[in-house]
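Shown below: target-v4.cif, with mmCIF, C-alpha atoms.
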data_model
#
loop_
_atom_site.label_atom_id
_atom_site.label_comp_id
_atom_site.auth_asym_id
_atom_site.auth_seq_id
_atom_site.Cartn_x
_atom_site.Cartn_y
_atom_site.Cartn_z
CA MET A 1 149.22 162.09 83.90
CA SER A 2 148.56 160.99 80.35
CA ASP A 3 145.15 161.05 78.74
CA HIS A 4 144.80 157.26 78.93
CA GLU A 5 145.76 157.22 82.60
CA ARG A 6 143.12 159.86 83.35
CA TRP A 7 140.45 157.80 81.53
CA ALA A 8 141.63 154.65 83.28
CA ARG A 9 140.95 156.40 86.65
CA GLU A 10 137.54 157.41 85.35
CA ILE A 11 136.85 153.76 84.40
CA GLU A 12 137.72 152.65 87.96
CA VAL A 13 135.43 155.27 89.44
CA GLU A 14 132.67 154.25 87.02
CA LEU A 15 132.97 150.59 88.01
CA ASP A 16 132.76 151.65 91.66
CA GLY A 17 129.47 153.36 90.79
CA ASP A 18 130.66 156.84 91.70
CA LEU A 19 130.40 158.66 88.36
CA THR A 20 127.65 161.15 87.59
CA LEU A 21 125.50 160.57 84.51
CA ALA A 22 127.32 163.37 82.64
CA GLU A 23 130.71 161.81 83.47
CA GLN A 24 129.42 158.36 82.43
CA ALA A 25 128.28 159.83 79.09
CA ALA A 26 131.69 161.46 78.52
CA LEU A 27 133.45 158.20 79.35
CA ALA A 28 131.17 156.22 76.99
CA ARG A 29 131.89 158.64 74.16
CA HIS A 30 135.67 158.27 74.74
CA VAL A 31 135.61 154.46 75.06
CA ALA A 32 133.66 154.19 71.79
CA VAL A 33 136.55 155.81 69.90
CA CYS A 34 139.55 154.60 72.01
CA PRO A 35 140.39 150.89 71.67
CA THR A 36 143.06 151.17 74.46
CA CYS A 37 140.54 152.49 76.99
CA ALA A 38 137.93 149.96 75.83
CA GLY A 39 140.52 147.21 76.51
CA THR A 40 141.32 148.75 79.92
CA ARG A 41 137.66 148.81 80.82
CA ALA A 42 137.25 145.17 79.73
CA SER A 43 140.33 144.17 81.82
CA HIS A 44 138.98 145.94 84.91
CA LEU A 45 135.60 144.29 84.48
CA GLU A 46 137.20 140.84 84.09
CA LEU A 47 139.40 141.43 87.16
CA ARG A 48 136.39 142.45 89.24
CA ALA A 49 134.38 139.49 87.99
CA SER A 50 137.25 137.17 89.06
CA LEU A 51 137.41 138.82 92.49
CA ALA A 52 133.65 138.48 92.91
CA ARG A 53 133.79 134.78 92.00
CA ALA A 54 136.74 134.20 94.35
CA SER A 55 134.88 135.82 97.23
CA GLY A 56 131.83 133.64 96.65
CA HIS A 57 129.61 136.32 95.05
CA PRO A 58 129.62 135.50 91.30
CA ARG A 59 126.42 137.50 90.76
CA ALA A 60 127.64 140.66 92.52
CA LYS A 61 127.09 143.92 90.64
CA ILE A 62 129.77 145.95 92.31
CA ILE A 63 132.88 145.42 94.47
CA PRO A 64 133.19 148.35 96.85
CA ARG A 65 136.64 149.70 97.45
CA GLN A 66 137.98 149.42 101.01
CA VAL A 67 138.80 153.00 101.69
CA LEU A 68 140.06 154.20 105.07
CA ARG A 69 140.31 157.93 104.99
CA GLY A 70 142.94 159.63 107.14
CA ARG A 71 140.38 161.18 109.47
CA THR A 72 138.61 157.84 110.04
CA LEU A 73 141.93 156.13 110.71
CA ALA A 74 142.90 158.80 113.27
CA LEU A 75 139.51 158.44 114.98
CA LEU A 76 139.83 154.67 115.16
CA THR A 77 143.38 154.95 116.56
CA LEU A 78 142.17 157.39 119.21
CA LEU A 79 139.26 155.13 120.16
CA ALA A 80 141.60 152.14 120.43
CA ALA A 81 144.01 154.10 122.63
CA LEU A 82 141.15 155.30 124.86
CA ALA A 83 139.76 151.77 125.13
CA GLY A 84 143.21 150.45 126.08
CA ALA A 85 143.77 153.17 128.68
CA GLY A 86 140.27 152.72 130.10
CA GLY A 87 140.67 148.96 130.25
CA GLY A 88 144.03 149.32 131.98
CA TRP A 89 142.58 151.76 134.49
CA LEU A 90 139.66 149.44 135.24
CA ALA A 91 141.95 146.42 135.53
CA HIS A 92 144.27 148.30 137.90
CA ALA A 93 141.33 149.45 140.01
CA ARG A 94 139.99 145.90 140.15
CA TRP A 95 143.10 143.77 140.36
CA GLY A 96 145.74 146.27 141.36
CA GLY A 97 149.27 146.38 140.17
CA PRO A 98 152.82 146.56 141.34
CA GLY A 99 152.23 149.86 143.16
CA SER A 100 152.53 153.46 142.16
CA GLY A 101 155.93 154.21 143.69
CA GLY A 102 159.20 152.39 143.91
CA LEU A 103 159.63 149.51 146.35
CA GLU A 104 162.28 151.36 148.35
CA ALA A 105 159.94 154.34 148.85
CA SER A 106 157.37 152.09 150.53
CA ARG A 107 159.89 150.61 152.96
CA ALA A 108 160.47 151.78 156.50
CA THR A 109 163.24 154.24 157.30
CA ILE A 110 165.10 154.93 160.52
CA ASP A 111 166.04 158.60 161.04
CA ILE A 112 167.54 160.44 163.94
CA ARG A 113 165.44 163.32 165.15
CA MET B 1 182.02 143.80 171.30
CA ALA B 2 179.72 142.30 173.92
CA TRP B 3 178.11 144.28 176.66
CA GLN B 4 180.57 144.03 179.58
CA GLY B 5 179.14 146.52 182.07
CA PRO B 6 177.17 145.79 185.22
CA ALA B 7 173.81 144.02 184.85
CA ALA B 8 171.49 146.49 183.21
CA ARG B 9 167.98 146.61 181.94
CA LEU B 10 167.02 147.88 178.53
CA THR B 11 163.92 149.98 177.92
CA TYR B 12 162.30 150.87 174.59
CA GLY B 13 160.05 153.91 174.96
CA VAL B 14 157.64 154.13 172.01
CA ARG B 15 155.36 156.92 170.86
CA VAL B 16 153.36 156.64 167.63
CA LEU B 17 152.31 159.96 166.12
CA LEU B 18 150.02 160.87 163.24
CA ARG B 19 150.14 164.18 161.42
CA ASN B 20 146.96 165.03 159.55
CA GLY B 21 147.41 168.37 157.82
CA ALA B 22 148.62 170.78 160.48
CA ASP B 23 147.41 168.66 163.40
CA THR B 24 149.61 166.09 165.04
CA SER B 25 148.11 163.58 167.46
CA VAL B 26 149.45 160.69 169.49
CA VAL B 27 148.10 157.38 168.19
CA GLY B 28 149.56 155.32 170.99
CA THR B 29 152.38 154.99 173.47
CA GLY B 30 154.09 152.04 175.00
CA GLU B 31 157.14 150.71 176.73
CA VAL B 32 158.99 147.44 176.59
CA THR B 33 161.66 146.61 179.10
CA GLY B 34 163.80 143.58 179.82
CA PRO B 35 167.33 142.22 179.99
CA MET B 36 169.94 143.79 177.72
CA GLU B 37 169.33 141.25 174.96
CA THR B 38 165.62 142.08 174.84
CA GLY B 39 164.23 142.97 171.46
CA LEU B 40 161.12 144.94 170.61
CA ARG B 41 158.53 143.41 168.30
CA LEU B 42 156.45 146.29 167.04
CA GLY B 43 153.46 146.07 164.74
CA VAL B 44 151.67 148.96 163.07
CA HIS B 45 148.59 147.94 161.13
CA SER B 46 146.45 150.19 158.94
CA ASP B 47 143.57 149.32 156.60
CA SER B 48 145.89 148.47 153.72
CA THR B 49 149.32 147.79 155.22
CA ASP B 50 150.64 145.71 158.08
CA VAL B 51 154.21 146.42 159.15
CA ASP B 52 155.77 144.16 161.76
CA MET B 53 159.32 144.67 162.87
CA LEU B 54 161.76 143.19 165.31
CA LEU B 55 164.15 145.80 166.67
CA ASN B 56 167.32 144.75 168.46
CA THR B 57 170.11 146.76 170.00
CA PHE B 58 173.79 145.96 169.93
CA PRO B 59 175.34 148.15 172.66
CA GLU B 60 178.80 149.64 172.59
CA PRO B 61 180.30 151.86 175.30
CA ASP B 62 179.29 155.20 173.82
CA SER B 63 176.64 154.19 171.30
CA PHE B 64 174.56 151.35 170.05
CA THR B 65 173.43 149.92 166.76
CA LEU B 66 169.72 149.59 166.20
CA SER B 67 168.91 146.73 163.88
CA GLY B 68 165.46 146.12 162.50
CA ASP B 69 164.01 143.15 160.65
CA PHE B 70 160.88 144.26 158.85
CA VAL B 71 158.01 142.24 157.42
CA ALA B 72 155.49 144.36 155.53
CA THR B 73 152.23 143.09 154.06
CA ARG B 74 150.66 145.56 151.68
CA LEU B 75 147.31 145.37 149.90
CA ALA B 76 148.20 145.21 146.21
CA GLY B 77 144.76 144.84 144.66
CA ALA B 78 142.15 142.15 144.17
CA SER B 79 142.07 138.83 142.42
CA ARG B 80 139.79 138.04 139.46
CA ARG B 81 137.39 136.55 141.98
CA GLY B 82 137.33 139.75 144.01
CA LEU B 83 139.52 138.59 146.87
CA PRO B 84 142.25 140.88 148.22
CA VAL B 85 145.80 140.26 147.00
CA TYR B 86 148.70 141.21 149.26
CA GLU B 87 152.42 141.59 148.67
CA GLN B 88 154.82 140.60 151.43
CA ASP B 89 158.15 142.33 151.75
CA GLU B 90 161.00 141.44 154.09
CA TYR B 91 164.04 143.59 154.61
CA ARG B 92 166.50 144.78 157.21
CA ARG B 93 167.65 148.20 158.38
CA HIS B 94 170.60 149.22 160.61
CA ARG B 95 171.43 152.53 162.22
CA ARG B 96 174.20 153.47 164.64
CA LEU B 97 172.93 155.83 167.34
CA ALA B 98 174.05 157.66 170.45
CA TRP B 99 172.27 156.70 173.67
CA THR B 100 170.72 160.15 173.82
CA ASP B 101 169.25 159.99 170.32
CA THR B 102 165.56 159.77 169.65
CA VAL B 103 164.80 157.70 166.59
CA ARG B 104 162.07 158.60 164.14
CA LEU B 105 160.92 155.50 162.32
CA HIS B 106 158.61 155.77 159.32
CA PRO B 107 157.01 152.32 159.06
CA PHE B 108 155.22 153.04 155.77
CA GLY B 109 158.23 154.73 154.15
CA THR B 110 159.35 158.33 154.08
CA PRO B 111 156.28 160.42 153.18
CA ARG B 112 156.25 162.61 150.08
CA ALA B 113 157.00 166.29 150.55
CA ARG B 114 153.36 167.41 150.24
CA ALA B 115 151.73 164.44 151.96
CA ARG B 116 148.86 165.46 154.24
CA ARG B 117 149.03 162.34 156.39
CA GLU B 118 152.18 161.04 157.96
CA LEU B 119 152.59 158.40 160.61
CA TRP B 120 155.83 157.80 162.44
CA VAL B 121 157.18 156.05 165.51
CA GLU B 122 159.39 157.86 167.99
CA LEU B 123 161.69 155.46 169.74
CA ARG B 124 163.98 156.09 172.68
CA VAL B 125 166.28 153.39 174.00
CA THR B 126 167.58 153.72 177.56
CA THR B 127 169.32 151.51 180.09
CA ALA B 128 169.03 151.31 183.87
CA ALA B 129 170.22 149.06 186.67
CA ALA B 130 168.59 145.64 186.52
CA GLY B 131 167.37 145.60 190.11
CA GLY B 132 166.96 141.84 190.14
CA ILE B 133 164.15 141.82 187.56
CA THR B 134 164.62 138.99 185.08
CA ARG B 135 161.50 138.81 182.99
CA PRO B 136 160.63 141.28 180.24
CA SER B 137 157.56 143.44 180.60
CA GLU B 138 155.50 145.51 178.19
CA ARG B 139 152.86 148.22 178.29
CA VAL B 140 150.86 149.70 175.44
CA ASP B 141 148.25 152.45 175.40
CA LEU B 142 146.36 152.81 172.09
CA ARG B 143 144.46 156.07 171.68
CA ASP B 144 143.38 155.92 168.01
CA SER B 145 141.37 152.87 167.03
CA THR B 146 141.92 153.39 163.28
CA PHE B 147 145.42 151.99 163.74
CA ASP B 148 146.33 148.77 165.44
CA LEU B 149 149.51 148.94 167.44
CA THR B 150 151.21 145.97 169.07
CA LEU B 151 154.30 146.00 171.26
CA GLU B 152 155.93 142.86 172.55
CA ALA B 153 159.13 142.16 174.39
CA VAL B 154 161.25 139.51 172.71
CA ALA B 155 163.76 137.77 174.92
CA ARG B 156 165.13 134.28 174.70
CA PRO B 157 165.03 132.86 178.23
CA ARG B 158 168.37 132.17 179.85
CA ARG B 159 166.56 129.79 182.16
CA ALA B 160 162.98 128.72 182.67
CA THR B 161 160.95 127.45 185.58
CA VAL B 162 159.00 124.28 184.87
CA LEU B 163 156.17 123.18 187.16
CA LEU B 164 155.61 119.45 186.87
CA ALA B 165 152.95 117.12 188.14
CA LEU B 166 151.80 113.65 187.30
CA VAL B 167 148.06 112.89 187.19
CA ARG B 168 145.95 109.80 186.73
CA GLY B 169 142.22 110.27 186.81
CA ASP B 170 141.43 112.40 189.84
CA ALA B 171 144.67 111.56 191.64
CA GLY B 172 147.83 113.61 191.25
CA SER B 173 151.41 113.68 192.43
CA VAL B 174 152.98 116.37 194.56
CA PRO B 175 153.84 119.23 192.13
CA LEU B 176 157.51 119.91 191.62
CA GLN B 177 159.20 123.09 190.46
CA VAL B 178 162.53 122.92 188.65
CA ASP B 179 164.69 125.63 187.14
CA LEU B 180 166.25 124.54 183.87
CA VAL B 181 168.71 126.16 181.48
CA PRO B 182 168.11 125.64 177.74
CA ASP B 183 170.72 123.21 176.41
CA GLY B 184 171.92 122.78 179.99
CA ILE B 185 172.76 119.70 182.02
CA PRO B 186 169.90 117.17 182.27
CA ARG B 187 168.13 116.84 185.61
CA THR B 188 166.60 113.72 187.10
CA LEU B 189 163.55 113.63 189.33
CA ASP B 190 160.93 111.26 190.64
CA LEU B 191 157.19 111.78 190.28
CA ALA B 192 154.57 109.38 191.51
CA VAL B 193 150.81 109.24 191.70
CA ASP B 194 151.12 106.01 193.62
CA PRO B 195 154.16 106.25 195.96
CA ALA B 196 154.77 102.57 195.45
CA LEU B 197 155.26 103.08 191.68
CA PRO B 198 157.44 106.17 191.15
CA HIS B 199 158.46 107.39 187.68
CA HIS B 200 162.12 108.31 187.25
CA PHE B 201 162.52 111.07 184.68
CA GLU B 202 165.53 112.65 183.04
CA LEU B 203 164.63 116.19 181.98
CA ARG B 204 166.37 118.44 179.52
CA LEU B 205 165.31 121.83 178.20
CA THR B 206 166.12 122.65 174.57
CA PRO B 207 165.31 125.46 172.17
CA PRO B 208 162.56 124.69 169.64
CA GLU B 209 163.18 123.52 166.10
CA PRO B 210 164.18 126.33 163.70
CA ALA B 211 161.24 128.40 162.51
CA ARG B 212 159.69 127.17 159.28
CA THR B 213 158.75 130.43 157.61
CA ALA B 214 160.87 133.49 156.88
CA ARG B 215 158.34 135.68 158.72
CA GLU B 216 158.63 133.59 161.88
CA ARG B 217 162.43 133.73 161.64
CA ALA B 218 162.56 137.48 160.98
CA LEU B 219 160.21 138.34 163.85
CA ALA B 220 161.58 135.63 166.19
CA LEU B 221 158.06 134.45 166.91
CA ASP B 222 159.41 131.42 168.76
CA ALA B 223 161.77 133.38 171.03
CA ASP B 224 160.04 132.41 174.28
CA VAL B 225 159.32 128.82 173.27
CA VAL B 226 161.17 126.03 175.04
CA CYS B 227 160.94 122.28 174.62
CA LEU B 228 161.04 119.84 177.49
CA ARG B 229 162.55 116.50 176.55
CA LEU B 230 162.02 113.76 179.07
CA ASN B 231 162.82 110.10 179.08
CA GLU B 232 162.86 107.43 181.69
CA PRO B 233 166.40 106.02 182.20
CA GLY B 234 166.57 102.48 180.99
CA SER B 235 163.55 102.90 178.75
CA THR B 236 163.97 101.98 175.12
CA THR B 237 161.29 104.38 173.89
CA ALA B 238 162.21 107.69 172.30
CA ALA B 239 162.23 110.82 174.47
CA ASN B 240 158.90 112.58 174.91
CA VAL B 241 158.95 116.22 173.81
CA LEU B 242 156.65 118.97 175.04
CA CYS B 243 157.08 122.47 173.64
CA GLY B 244 155.42 125.67 174.75
CA ARG B 245 155.74 129.34 175.54
CA LEU B 246 156.70 130.65 178.95
CA ASN B 247 153.15 131.79 179.52
CA ASN B 248 151.95 129.91 182.60
CA VAL B 249 149.71 127.56 180.62
CA ALA B 250 149.57 123.93 181.73
CA ARG B 251 150.37 121.48 178.95
CA ARG B 252 149.63 117.78 179.10
CA LEU B 253 151.63 114.86 177.81
CA ALA B 254 150.25 111.33 177.89
CA LEU B 255 152.80 108.80 179.11
CA PRO B 256 152.90 105.07 178.39
CA GLY B 257 151.21 103.33 181.27
CA GLY B 258 148.24 105.65 181.64
CA ASP B 259 149.73 108.58 183.57
CA THR B 260 149.66 112.14 182.23
CA LEU B 261 152.46 114.61 182.83
CA VAL B 262 151.33 118.21 183.29
CA ALA B 263 154.07 120.77 182.61
CA THR B 264 153.80 124.53 182.96
CA PHE B 265 156.54 126.81 181.63
CA VAL B 266 156.98 130.17 183.37
CA TRP B 267 159.59 132.89 183.53
CA PRO B 268 161.83 132.45 186.59
CA ALA B 269 160.98 134.58 189.60
CA ALA B 270 163.16 137.60 190.35
CA ARG B 271 166.23 136.88 192.40
#

Represent the structure from my file as structure tokens, please.
Amino acid sequence: MSDHERWAREIEVELDGDLTLAEQAALARHVAVCPTCAGTRASHLELRASLARASGHPRAKIIPRQVLRGRTLALLTLLAALAGAGGGWLAHARWGGPGSGGLEASRATIDIR
Amino acid sequence: MAWQGPAARLTYGVRVLLRNGADTSVVGTGEVTGPMETGLRLGVHSDSTDVDMLLNTFPEPDSFTLSGDFVATRLAGASRRGLPVYEQDEYRRHRRLAWTDTVRLHPFGTPRARARRELWVELRVTTAAAGGITRPSERVDLRDSTFDLTLEAVARPRRATVLLALVRGDAGSVPLQVDLVPDGIPRTLDLAVDPALPHHFELRLTPPEPARTARERALALDADVVCLRLNEPGSTTAANVLCGRLNNVARRLALPGGDTLVATFVWPAAR
């Protein structure tokens, strides 16, 4: 990762409001002497301002990132699967279904003793 | 190959058994007997499943084929409004057997290997000399009220006795008894409430119309139903039809002119 790319990540984190004061100070010192990073920061700000306007919040101060961490995603998937299984079980208990065994197994048989 | 031996009588001996764990108990016993063409209509009903079957035998000299038409109604669940929903299943089974065989019939299907409860029907088919008895007979003894067991003899009558009388108000004709063969030759007779004004009837006995539902067809629910068609010779009106079971119940048919014909269908007496 180049130096500019690293500072570009820092700019994104700053605009999300997640930088500490010390990190914000370091970023400000770098942007003051780096026209590329100053341009990057201006581009990010303009992009976020456009997104805020498009979503009907022109006076918004921050656009939070939609982050789904792996653990949260796994938990949601598990909850959805449990809800589906529980709903199926309740529906089967209430309205029944085609039967647990095969049709032939439920039919009469004639054997010789 | 049709049964060509001397007149014989067929008997279905039935025993319904229930195994609950290690204990086996008799739920009910019964017997149905009748002419060689007699079938056995057997019903086993539990809380969730009704199984009705019509068993027929097709005899051969050394063996016979047992044929069964089954109609099963199983509880499949409940509707969105909480009413029970049933599935109806119709199928047929055949098995060739020796006369000495005892049949074990599992009406609810062959139980799983580790099933604790198992219900089955033991069936024994035998023949004996007819002894002049024409009508089928049945006997059932239910010992466990958690199951409902029905046994009925099913035989299409070769002939039927019809008791006829004509009534008008409180007056009636002399009752007449005629033996008729389904799809046989028409008979004529006179009936009169007032001897000066006799009714001339032409009578014919016919089988009923084909059953409307598959269940009625499979279980031959109309086997002992006959229809009496009568018309007055020379009359331009359509024949009057009166249908009923051979169950000794008087049935009434209003005739043009104000008279009422009372007909009672019964099995012929032994001869």

Write out as an MDAnalysis selection string the residues lying within 8 Å of region 22-37 of chain A, counting only C-alpha atoms and excluding same-chain residues fewer than 4 positions away. chainID A and resid 4 7:8 10:11 14 41

Measure the distance from CA of Gly102 (chain A) to CA of Asp89 (chain B) in Å and round it to one decimal.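 A separation of 12.8 Å between them.
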
For the structure provided, state which residues fall under the PyMOL selection byres ((chain B and resi 142) around 10), and present them as a list in words.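 When the PyMOL selection byres ((chain B and resi 142) around 10) is applied to the shown file, the picked residues are Arg15, Val16, Val26, Val27, Gly28, Thr29, Gly30, Val140, Asp141, Arg143, Asp144, Ser145, Thr146, Phe147, Asp148, Leu149 and Thr150 of chain B.
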
Near chain A, 7 Å: chain B residue rows, closest pairs, all atoms listed in the file, as a Markdown table:
| residue | atom | partner | partner_atom | distance |
| --- | --- | --- | --- | --- |
| B:Ala76 | CA | A:Gly96 | CA | 5.5 |
| B:Gly77 | CA | A:Gly96 | CA | 3.7 |
| B:Ala78 | CA | A:Trp95 | CA | 4.2 |
| B:Ser79 | CA | A:Trp95 | CA | 5.5 |
| B:Arg80 | CA | A:Trp95 | CA | 6.7 |
| B:Arg95 | CA | A:Ile110 | CA | 7.0 |
| B:Asp101 | CA | A:Ile112 | CA | 6.6 |
| B:Thr102 | CA | A:Arg113 | CA | 5.7 |
| B:Val103 | CA | A:Ile112 | CA | 4.7 |
| B:Arg104 | CA | A:Asp111 | CA | 5.0 |
| B:Leu105 | CA | A:Ile110 | CA | 4.6 |
| B:His106 | CA | A:Ala108 | CA | 5.2 |
| B:Pro107 | CA | A:Ala108 | CA | 4.3 |
| B:Phe108 | CA | A:Ala108 | CA | 5.4 |
| B:Gly109 | CA | A:Ala108 | CA | 4.4 |
| B:Thr110 | CA | A:Thr109 | CA | 6.5 |

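When CA of Gly34 (chain B) is paired with CA of Val154 (chain B), their separation reads 8.6 Å.
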
Please compute the CA of Thr49 (chain B)-CA of Val71 (chain B) distance, one decimal, in Å.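 Going from CA of Thr49 (chain B) over to CA of Val71 (chain B), I get 10.5 Å.
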
Expansion of the PyMOL selection byres ((chain B and resi 66-69) around 8) into residues, as an MDAnalysis selection string: chainID B and resid 53:58 64:65 70:71 90:97 218:219

Give me the residues within 10 Å of Gly21 (chain B) as a VMD selection string, counting only C-alpha atoms and dropping any in the same chain fewer than 3 places off. chain B and resid 18 24 114 to 118

Neighbours of region 7-13 of chain B within 6 Å (all atoms listed in the file; same-chain residues fewer than 2 positions away dropped), as a list of chain:residue names? B:Glu31, B:Val32, B:Thr33, B:Gly34, B:Pro35, B:Met36, B:Leu123, B:Arg124, B:Val125, B:Thr126, B:Thr127, B:Ala128, B:Ala129, B:Ala130

If you keep C-alpha atoms, can you produce a file of those selected residues as a PDB file, in the coordinates of the input?
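Saved result, out.pdb, follows:
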ATOM      1  CA  GLU B  31     157.140 150.710 176.730  1.00  0.00           C
ATOM      2  CA  VAL B  32     158.990 147.440 176.590  1.00  0.00           C
ATOM      3  CA  THR B  33     161.660 146.610 179.100  1.00  0.00           C
ATOM      4  CA  GLY B  34     163.800 143.580 179.820  1.00  0.00           C
ATOM      5  CA  PRO B  35     167.330 142.220 179.990  1.00  0.00           C
ATOM      6  CA  MET B  36     169.940 143.790 177.720  1.00  0.00           C
ATOM      7  CA  LEU B 123     161.690 155.460 169.740  1.00  0.00           C
ATOM      8  CA  ARG B 124     163.980 156.090 172.680  1.00  0.00           C
ATOM      9  CA  VAL B 125     166.280 153.390 174.000  1.00  0.00           C
ATOM     10  CA  THR B 126     167.580 153.720 177.560  1.00  0.00           C
ATOM     11  CA  THR B 127     169.320 151.510 180.090  1.00  0.00           C
ATOM     12  CA  ALA B 128     169.030 151.310 183.870  1.00  0.00           C
ATOM     13  CA  ALA B 129     170.220 149.060 186.670  1.00  0.00           C
ATOM     14  CA  ALA B 130     168.590 145.640 186.520  1.00  0.00           C
TER      15      ALA B 130
END

Please, which residues are within 8 Å of (166.4, 121.4, 180.8) by the file's coordinates, counting all atoms listed in the file, and could they come as a list in words?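 Here is the list of nearby residues: Asp179, Leu180, Val181, Pro182, Asp183, Gly184, Ile185, Pro186, Arg187, Leu203, Arg204, Leu205, Thr206, Leu228 and Arg229 of chain B.
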
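Applied to the file shown here, the PyMOL selection byres ((chain A and resi 49) around 9) selects the residues His44, Leu45, Glu46, Leu47, Arg48, Ser50, Leu51, Ala52, Arg53, Ala54, Pro58, Arg59, Ala60, Lys61 and Ile63 of chain A.
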